[in-house]
Amino acid sequence: MISSVVKWLSEPLGRVALLIVGLTVISGAAWGINVLQTTPEQPIEFPHVRHVSMGIPCLYCHPGATRGPSAGLPSPMKCWGCHQQMEITKTSPLLPPLVAAIENGTPLRWVPVAQVPDFVQFNHRPHLAAGLNCEDCHGNVAQMTIYQNPQVMNMGWCLNCHRERSAGNPELEKKLLDCGTCHY
Ligand code: HEC
Ligand code: HEC
Ligand code: HEC
Ligand code: HEC
Ligand code: HEC
């Protein structure tokens, strides 16, 4: 038993698993907090619903999604582009943190909710290139206030969709289910 485990650990797949287990221990603690707190308190209770319903595209505030790994979050200056001229910015009880961020040149510290651990390679670009929509993974954000994950973003979730999308295409299946595609 022990010798077969040792033998397995010395094989390439075993080494990958060992590496991942090591990384999990290191990054797991921080990541676990985010998984449990699906909706942590945010510095501003930002209403997605009211911004999306007036026709602002997701990519206006999260433009990295089509270009690379990270979708990105808007800076206070991007909010200010509209909010500077709006009466509601002075009267709203929700917006003093935005005004303070602009006056002090400090960022708004949004708490990440859509997140996978560091030892997982996720990139938005190939997913959007394959024709997926934001909603396929993030749910109906257009109806949300602050963002909430519609499901846990774990390995089973990734693999389920990868299996579905590659059914009947052995070459794609091999790529999308290979450990090295997401862990390297
Ligand atoms: C393209 C213009 C635009 C941008 C960019 C924008 N907003 Fe707004 N925001 C609006 C408008 C218009 C309203 C009022 C909507 C309404 O009356 O329903 C609003 C409403 C709000 C409200 C609700 C205020 C209240 O008390 O009812 C908050 C909070 C808010 N925005 C925060 C932000 C933050 C934070 C950002 C940057 C991350 C941002 N907005 C970016 C146009 C914008
Ligand atoms: C195939 C599923 C999938 C699709 C499609 C998708 N996302 Fe994501 N998104 C994720 C995952 C997984 C993460 C966590 C990534 C991480 O931790 O590196 C994430 C993270 C994010 C984040 C927070 C961190 C960051 O900067 O990347 C934002 C914002 C985001 N997505 C917006 C979008 C928008 C907007 C779209 C559509 C244009 C979109 N996503 C499409 C799966 C997806
Ligand atoms: C006016 C700017 C704006 C628009 C438009 C917008 N968002 Fe966001 N988004 C934000 C802000 C600010 C946050 C951080 C607060 C929060 O977590 O809700 C955020 C958070 C997110 C997150 C979680 C990020 C993380 O770090 O965990 C996702 C996913 C996301 N948005 C997806 C979308 C999608 C999909 C759309 C279009 C349907 C969209 N957003 C439209 C400003 C915007
Ligand atoms: C809703 C479906 C869906 C979900 C959920 C999803 N993926 Fe994907 N993924 C795809 C599709 C479709 C492709 C593109 C396949 C192709 O090349 O045609 C892809 C491609 C990829 C690629 C690029 C492969 C390459 O080398 O071209 C990586 C890496 C990846 N996904 C990682 C992840 C990770 C990590 C997760 C979970 C955090 C995830 N995906 C969740 C559907 C999904
Ligand atoms: C499509 C992307 C994807 C593929 C392919 C993939 N994984 Fe993962 N893996 C993830 C994600 C996302 C996580 C983090 C979330 C979780 O723990 O479920 C993860 C977590 C792990 C963990 C940590 C376990 C834990 O419970 O935290 C191990 C070990 C692991 N993967 C091994 C593997 C092995 C071995 C393979 C090949 C058979 C593989 N993975 C293939 C996405 C993937």
# chains A, B, ... in the order shown; residues from 1 in each chain; ligands from 1

call {"tool": "closest_atom_pairs", "arguments": {"of": "chain A", "to": "ligand 3", "cutoff": "8 Å", "atoms": "only C-alpha atoms and all ligand atoms", "output": "JSON lines"}}
result
{"residue": "A:Gln42", "atom": "CA", "partner": "ligand 3", "partner_atom_place_in_ligand_line": "15 (C)", "distance": 6.4}
{"residue": "A:Ile44", "atom": "CA", "partner": "ligand 3", "partner_atom_place_in_ligand_line": "15 (C)", "distance": 7.4}
{"residue": "A:Glu45", "atom": "CA", "partner": "ligand 3", "partner_atom_place_in_ligand_line": "15 (C)", "distance": 7.3}
{"residue": "A:Phe46", "atom": "CA", "partner": "ligand 3", "partner_atom_place_in_ligand_line": "15 (C)", "distance": 5.8}
{"residue": "A:Pro47", "atom": "CA", "partner": "ligand 3", "partner_atom_place_in_ligand_line": "18 (O)", "distance": 7.4}
{"residue": "A:His48", "atom": "CA", "partner": "ligand 3", "partner_atom_place_in_ligand_line": "6 (C)", "distance": 5.8}
{"residue": "A:His51", "atom": "CA", "partner": "ligand 3", "partner_atom_place_in_ligand_line": "5 (C)", "distance": 5.5}
{"residue": "A:Val52", "atom": "CA", "partner": "ligand 3", "partner_atom_place_in_ligand_line": "5 (C)", "distance": 5.3}
{"residue": "A:Gly55", "atom": "CA", "partner": "ligand 3", "partner_atom_place_in_ligand_line": "5 (C)", "distance": 8.0}
{"residue": "A:Ile56", "atom": "CA", "partner": "ligand 3", "partner_atom_place_in_ligand_line": "5 (C)", "distance": 4.8}
{"residue": "A:Pro57", "atom": "CA", "partner": "ligand 3", "partner_atom_place_in_ligand_line": "5 (C)", "distance": 5.2}
{"residue": "A:Cys58", "atom": "CA", "partner": "ligand 3", "partner_atom_place_in_ligand_line": "37 (C)", "distance": 3.4}
{"residue": "A:Leu59", "atom": "CA", "partner": "ligand 3", "partner_atom_place_in_ligand_line": "41 (C)", "distance": 7.0}
{"residue": "A:Tyr60", "atom": "CA", "partner": "ligand 3", "partner_atom_place_in_ligand_line": "5 (C)", "distance": 6.0}
{"residue": "A:Cys61", "atom": "CA", "partner": "ligand 3", "partner_atom_place_in_ligand_line": "2 (C)", "distance": 4.5}
{"residue": "A:His62", "atom": "CA", "partner": "ligand 3", "partner_atom_place_in_ligand_line": "7 (N)", "distance": 6.6}
{"residue": "A:Gly72", "atom": "CA", "partner": "ligand 3", "partner_atom_place_in_ligand_line": "26 (O)", "distance": 7.7}
{"residue": "A:Leu73", "atom": "CA", "partner": "ligand 3", "partner_atom_place_in_ligand_line": "11 (C)", "distance": 5.9}
{"residue": "A:Pro74", "atom": "CA", "partner": "ligand 3", "partner_atom_place_in_ligand_line": "12 (C)", "distance": 6.0}
{"residue": "A:Cys79", "atom": "CA", "partner": "ligand 3", "partner_atom_place_in_ligand_line": "1 (C)", "distance": 6.7}
{"residue": "A:Trp110", "atom": "CA", "partner": "ligand 3", "partner_atom_place_in_ligand_line": "14 (C)", "distance": 5.4}
{"residue": "A:Val111", "atom": "CA", "partner": "ligand 3", "partner_atom_place_in_ligand_line": "26 (O)", "distance": 6.2}
{"residue": "A:Pro112", "atom": "CA", "partner": "ligand 3", "partner_atom_place_in_ligand_line": "26 (O)", "distance": 3.6}
{"residue": "A:Val113", "atom": "CA", "partner": "ligand 3", "partner_atom_place_in_ligand_line": "27 (O)", "distance": 3.4}
{"residue": "A:Ala114", "atom": "CA", "partner": "ligand 3", "partner_atom_place_in_ligand_line": "27 (O)", "distance": 3.7}
{"residue": "A:Gln115", "atom": "CA", "partner": "ligand 3", "partner_atom_place_in_ligand_line": "27 (O)", "distance": 6.1}
{"residue": "A:Cys134", "atom": "CA", "partner": "ligand 3", "partner_atom_place_in_ligand_line": "35 (C)", "distance": 4.8}
{"residue": "A:Glu135", "atom": "CA", "partner": "ligand 3", "partner_atom_place_in_ligand_line": "35 (C)", "distance": 6.0}
{"residue": "A:His138", "atom": "CA", "partner": "ligand 3", "partner_atom_place_in_ligand_line": "29 (C)", "distance": 5.5}
{"residue": "A:Gly139", "atom": "CA", "partner": "ligand 3", "partner_atom_place_in_ligand_line": "35 (C)", "distance": 7.5}
{"residue": "A:Asn140", "atom": "CA", "partner": "ligand 3", "partner_atom_place_in_ligand_line": "38 (C)", "distance": 7.0}
{"residue": "A:Val141", "atom": "CA", "partner": "ligand 3", "partner_atom_place_in_ligand_line": "38 (C)", "distance": 4.9}
{"residue": "A:Ala142", "atom": "CA", "partner": "ligand 3", "partner_atom_place_in_ligand_line": "38 (C)", "distance": 4.6}
{"residue": "A:Thr145", "atom": "CA", "partner": "ligand 3", "partner_atom_place_in_ligand_line": "18 (O)", "distance": 6.6}
{"residue": "A:Ile146", "atom": "CA", "partner": "ligand 3", "partner_atom_place_in_ligand_line": "18 (O)", "distance": 3.3}
{"residue": "A:Tyr147", "atom": "CA", "partner": "ligand 3", "partner_atom_place_in_ligand_line": "18 (O)", "distance": 3.8}
{"residue": "A:Gln148", "atom": "CA", "partner": "ligand 3", "partner_atom_place_in_ligand_line": "23 (C)", "distance": 7.2}
{"residue": "A:Asn149", "atom": "CA", "partner": "ligand 3", "partner_atom_place_in_ligand_line": "29 (C)", "distance": 7.5}

call {"tool": "write_last_selection", "arguments": {"atoms": "N, CA and C atoms", "output": "compact mmCIF listing (two decimals), in the first residue's frame"}}
result
# COMPACT_ATOMS: atom_id res chain seq x y z
N GLN A 42 -19.95 44.96 1.13
CA GLN A 42 -19.11 45.70 0.20
C GLN A 42 -19.00 47.15 0.65
N ILE A 44 -19.60 49.83 -0.89
CA ILE A 44 -20.83 50.51 -1.31
C ILE A 44 -21.80 49.42 -1.74
N GLU A 45 -23.05 49.55 -1.35
CA GLU A 45 -24.03 48.55 -1.81
C GLU A 45 -24.40 48.89 -3.25
N PHE A 46 -23.52 48.48 -4.15
CA PHE A 46 -23.62 48.87 -5.57
C PHE A 46 -24.79 48.14 -6.25
N PRO A 47 -25.75 48.87 -6.79
CA PRO A 47 -26.90 48.20 -7.43
C PRO A 47 -26.63 47.87 -8.89
N HIS A 48 -26.22 46.62 -9.18
CA HIS A 48 -26.07 46.20 -10.58
C HIS A 48 -27.36 46.45 -11.34
N HIS A 51 -27.96 49.91 -12.80
CA HIS A 51 -27.02 50.33 -13.84
C HIS A 51 -27.21 49.53 -15.13
N VAL A 52 -27.39 48.21 -14.99
CA VAL A 52 -27.56 47.38 -16.18
C VAL A 52 -28.89 47.72 -16.86
N GLY A 55 -28.94 50.25 -19.46
CA GLY A 55 -28.27 49.92 -20.71
C GLY A 55 -26.75 49.96 -20.66
N ILE A 56 -26.13 50.09 -19.47
CA ILE A 56 -24.66 50.06 -19.41
C ILE A 56 -24.20 48.61 -19.59
N PRO A 57 -23.36 48.33 -20.59
CA PRO A 57 -22.94 46.95 -20.81
C PRO A 57 -21.99 46.47 -19.71
N CYS A 58 -22.02 45.16 -19.44
CA CYS A 58 -21.11 44.55 -18.47
C CYS A 58 -19.66 44.97 -18.78
N LEU A 59 -19.32 44.94 -20.07
CA LEU A 59 -17.92 45.18 -20.46
C LEU A 59 -17.49 46.63 -20.26
N TYR A 60 -18.43 47.55 -20.09
CA TYR A 60 -18.03 48.93 -19.80
C TYR A 60 -17.31 48.97 -18.45
N CYS A 61 -17.78 48.21 -17.49
CA CYS A 61 -17.17 48.20 -16.15
C CYS A 61 -16.19 47.03 -15.95
N HIS A 62 -16.30 45.99 -16.75
CA HIS A 62 -15.42 44.81 -16.61
C HIS A 62 -14.76 44.50 -17.95
N GLY A 72 -11.66 42.43 -14.32
CA GLY A 72 -11.38 43.73 -13.73
C GLY A 72 -12.60 44.40 -13.12
N LEU A 73 -12.35 45.31 -12.19
CA LEU A 73 -13.42 46.07 -11.55
C LEU A 73 -13.21 47.56 -11.86
N PRO A 74 -14.29 48.34 -11.93
CA PRO A 74 -14.14 49.77 -12.27
C PRO A 74 -13.46 50.56 -11.15
N CYS A 79 -16.69 55.50 -12.05
CA CYS A 79 -18.00 55.84 -11.45
C CYS A 79 -18.21 57.35 -11.53
N TRP A 110 -13.35 46.64 -2.87
CA TRP A 110 -14.38 45.63 -3.13
C TRP A 110 -13.87 44.27 -2.67
N VAL A 111 -14.72 43.50 -2.04
CA VAL A 111 -14.34 42.16 -1.58
C VAL A 111 -14.62 41.16 -2.70
N PRO A 112 -13.60 40.39 -3.15
CA PRO A 112 -13.83 39.43 -4.23
C PRO A 112 -14.83 38.35 -3.84
N VAL A 113 -15.73 38.01 -4.76
CA VAL A 113 -16.72 36.96 -4.51
C VAL A 113 -16.59 35.87 -5.58
N ALA A 114 -16.47 36.28 -6.84
CA ALA A 114 -16.22 35.32 -7.92
C ALA A 114 -14.72 35.07 -7.94
N GLN A 115 -14.29 33.94 -7.41
CA GLN A 115 -12.87 33.71 -7.24
C GLN A 115 -12.56 32.23 -7.18
N CYS A 134 -21.68 36.02 -20.00
CA CYS A 134 -21.41 36.24 -18.58
C CYS A 134 -22.40 35.43 -17.74
N GLU A 135 -23.67 35.44 -18.16
CA GLU A 135 -24.75 34.82 -17.38
C GLU A 135 -24.57 33.31 -17.24
N HIS A 138 -22.12 33.47 -14.25
CA HIS A 138 -22.34 34.41 -13.15
C HIS A 138 -23.81 34.61 -12.79
N GLY A 139 -24.70 33.96 -13.52
CA GLY A 139 -26.12 34.09 -13.21
C GLY A 139 -26.68 35.42 -13.69
N ASN A 140 -27.88 35.73 -13.23
CA ASN A 140 -28.59 36.90 -13.74
C ASN A 140 -28.17 38.18 -13.00
N VAL A 141 -26.95 38.62 -13.30
CA VAL A 141 -26.37 39.79 -12.62
C VAL A 141 -27.23 41.04 -12.86
N ALA A 142 -27.90 41.09 -14.00
CA ALA A 142 -28.74 42.24 -14.32
C ALA A 142 -29.84 42.47 -13.28
N THR A 145 -28.22 43.25 -6.81
CA THR A 145 -27.62 44.46 -6.26
C THR A 145 -26.12 44.16 -6.25
N ILE A 146 -25.49 43.93 -5.10
CA ILE A 146 -24.10 43.50 -5.15
C ILE A 146 -24.07 42.06 -5.66
N TYR A 147 -22.92 41.69 -6.24
CA TYR A 147 -22.80 40.40 -6.90
C TYR A 147 -22.86 39.23 -5.92
N GLN A 148 -23.55 38.17 -6.34
CA GLN A 148 -23.63 36.90 -5.59
C GLN A 148 -23.33 35.76 -6.55
N ASN A 149 -22.51 34.78 -6.15
CA ASN A 149 -22.29 33.61 -7.00
C ASN A 149 -23.56 32.77 -7.08

call {"tool": "residues_around", "arguments": {"residues": "A:Pro96", "least_positions_apart": "3", "cutoff": "12 Å", "atoms": "only C-alpha atoms", "output": "compact mmCIF listing (two decimals) with N, CA, C and O atoms, in the first residue's frame"}}
result
# COMPACT_ATOMS: atom_id res chain seq x y z
N PRO A 43 -17.95 47.87 0.23
CA PRO A 43 -17.80 49.27 0.66
C PRO A 43 -18.97 50.16 0.24
O PRO A 43 -19.29 51.14 0.91
N ILE A 44 -19.60 49.83 -0.89
CA ILE A 44 -20.83 50.51 -1.31
C ILE A 44 -21.80 49.42 -1.74
O ILE A 44 -21.39 48.48 -2.43
N GLU A 45 -23.05 49.55 -1.35
CA GLU A 45 -24.03 48.55 -1.81
C GLU A 45 -24.40 48.89 -3.25
O GLU A 45 -25.42 49.52 -3.53
N PRO A 76 -12.79 54.15 -8.99
CA PRO A 76 -13.69 55.24 -8.60
C PRO A 76 -13.83 56.30 -9.70
O PRO A 76 -14.91 56.87 -9.88
N HIS A 83 -21.15 60.04 -12.03
CA HIS A 83 -21.70 60.50 -10.75
C HIS A 83 -21.33 61.91 -10.38
O HIS A 83 -22.03 62.56 -9.59
N ILE A 88 -27.94 63.01 -7.25
CA ILE A 88 -28.08 61.86 -6.35
C ILE A 88 -26.76 61.55 -5.62
O ILE A 88 -26.76 61.01 -4.52
N THR A 89 -25.64 61.93 -6.21
CA THR A 89 -24.34 61.67 -5.61
C THR A 89 -24.19 62.45 -4.29
O THR A 89 -23.55 62.00 -3.36
N LYS A 90 -24.82 63.64 -4.24
CA LYS A 90 -24.75 64.44 -3.01
C LYS A 90 -25.79 63.99 -2.00
O LYS A 90 -25.56 64.07 -0.79
N THR A 91 -26.94 63.51 -2.48
CA THR A 91 -28.04 63.22 -1.57
C THR A 91 -28.07 61.76 -1.10
O THR A 91 -28.61 61.46 -0.05
N SER A 92 -27.51 60.84 -1.88
CA SER A 92 -27.64 59.42 -1.54
C SER A 92 -26.85 59.05 -0.28
O SER A 92 -25.68 59.40 -0.16
N PRO A 93 -27.46 58.31 0.62
CA PRO A 93 -26.72 57.82 1.80
C PRO A 93 -25.71 56.74 1.42
O PRO A 93 -24.86 56.36 2.22
N VAL A 99 -17.41 59.54 -2.89
CA VAL A 99 -16.91 60.92 -2.82
C VAL A 99 -15.58 60.95 -2.07
O VAL A 99 -14.61 61.58 -2.51
N ALA A 100 -15.50 60.21 -0.96
CA ALA A 100 -14.26 60.18 -0.17
C ALA A 100 -13.11 59.56 -0.97
O ALA A 100 -11.98 60.05 -0.92
N ALA A 101 -13.41 58.51 -1.73
CA ALA A 101 -12.36 57.85 -2.52
C ALA A 101 -11.80 58.82 -3.57
O ALA A 101 -10.59 58.86 -3.80
N ILE A 102 -12.69 59.60 -4.18
CA ILE A 102 -12.24 60.58 -5.19
C ILE A 102 -11.42 61.68 -4.52
O ILE A 102 -10.32 62.02 -4.98
N GLU A 103 -11.93 62.22 -3.41
CA GLU A 103 -11.22 63.32 -2.74
C GLU A 103 -9.84 62.88 -2.24
O GLU A 103 -8.87 63.64 -2.33
N LEU A 108 -11.66 51.94 -3.91
CA LEU A 108 -12.74 51.31 -3.13
C LEU A 108 -12.34 49.85 -2.96
O LEU A 108 -11.97 49.20 -3.93

call {"tool": "residues_around", "arguments": {"residues": "stretch 156-173 of chain A", "least_positions_apart": "2", "cutoff": "12 Å", "atoms": "only C-alpha atoms", "output": "list of chain:residue names"}}
result
A:Val116, A:Val120, A:Gln121, A:Phe122, A:His127, A:Ala130, A:Gly131, A:Leu132, A:Asp136, A:Cys137, A:Pro150, A:Gln151, A:Val152, A:Met153, A:Asn154, A:Lys175, A:Leu176, A:Leu177, A:Asp178, A:Cys179, A:Thr181, A:Cys182

call {"tool": "atom_distance", "arguments": {"atom1": "atom CA of A:Leu98", "atom2": "atom 35 (C, counted along the ligand's line) of ligand 1"}}
result
6.4 Å
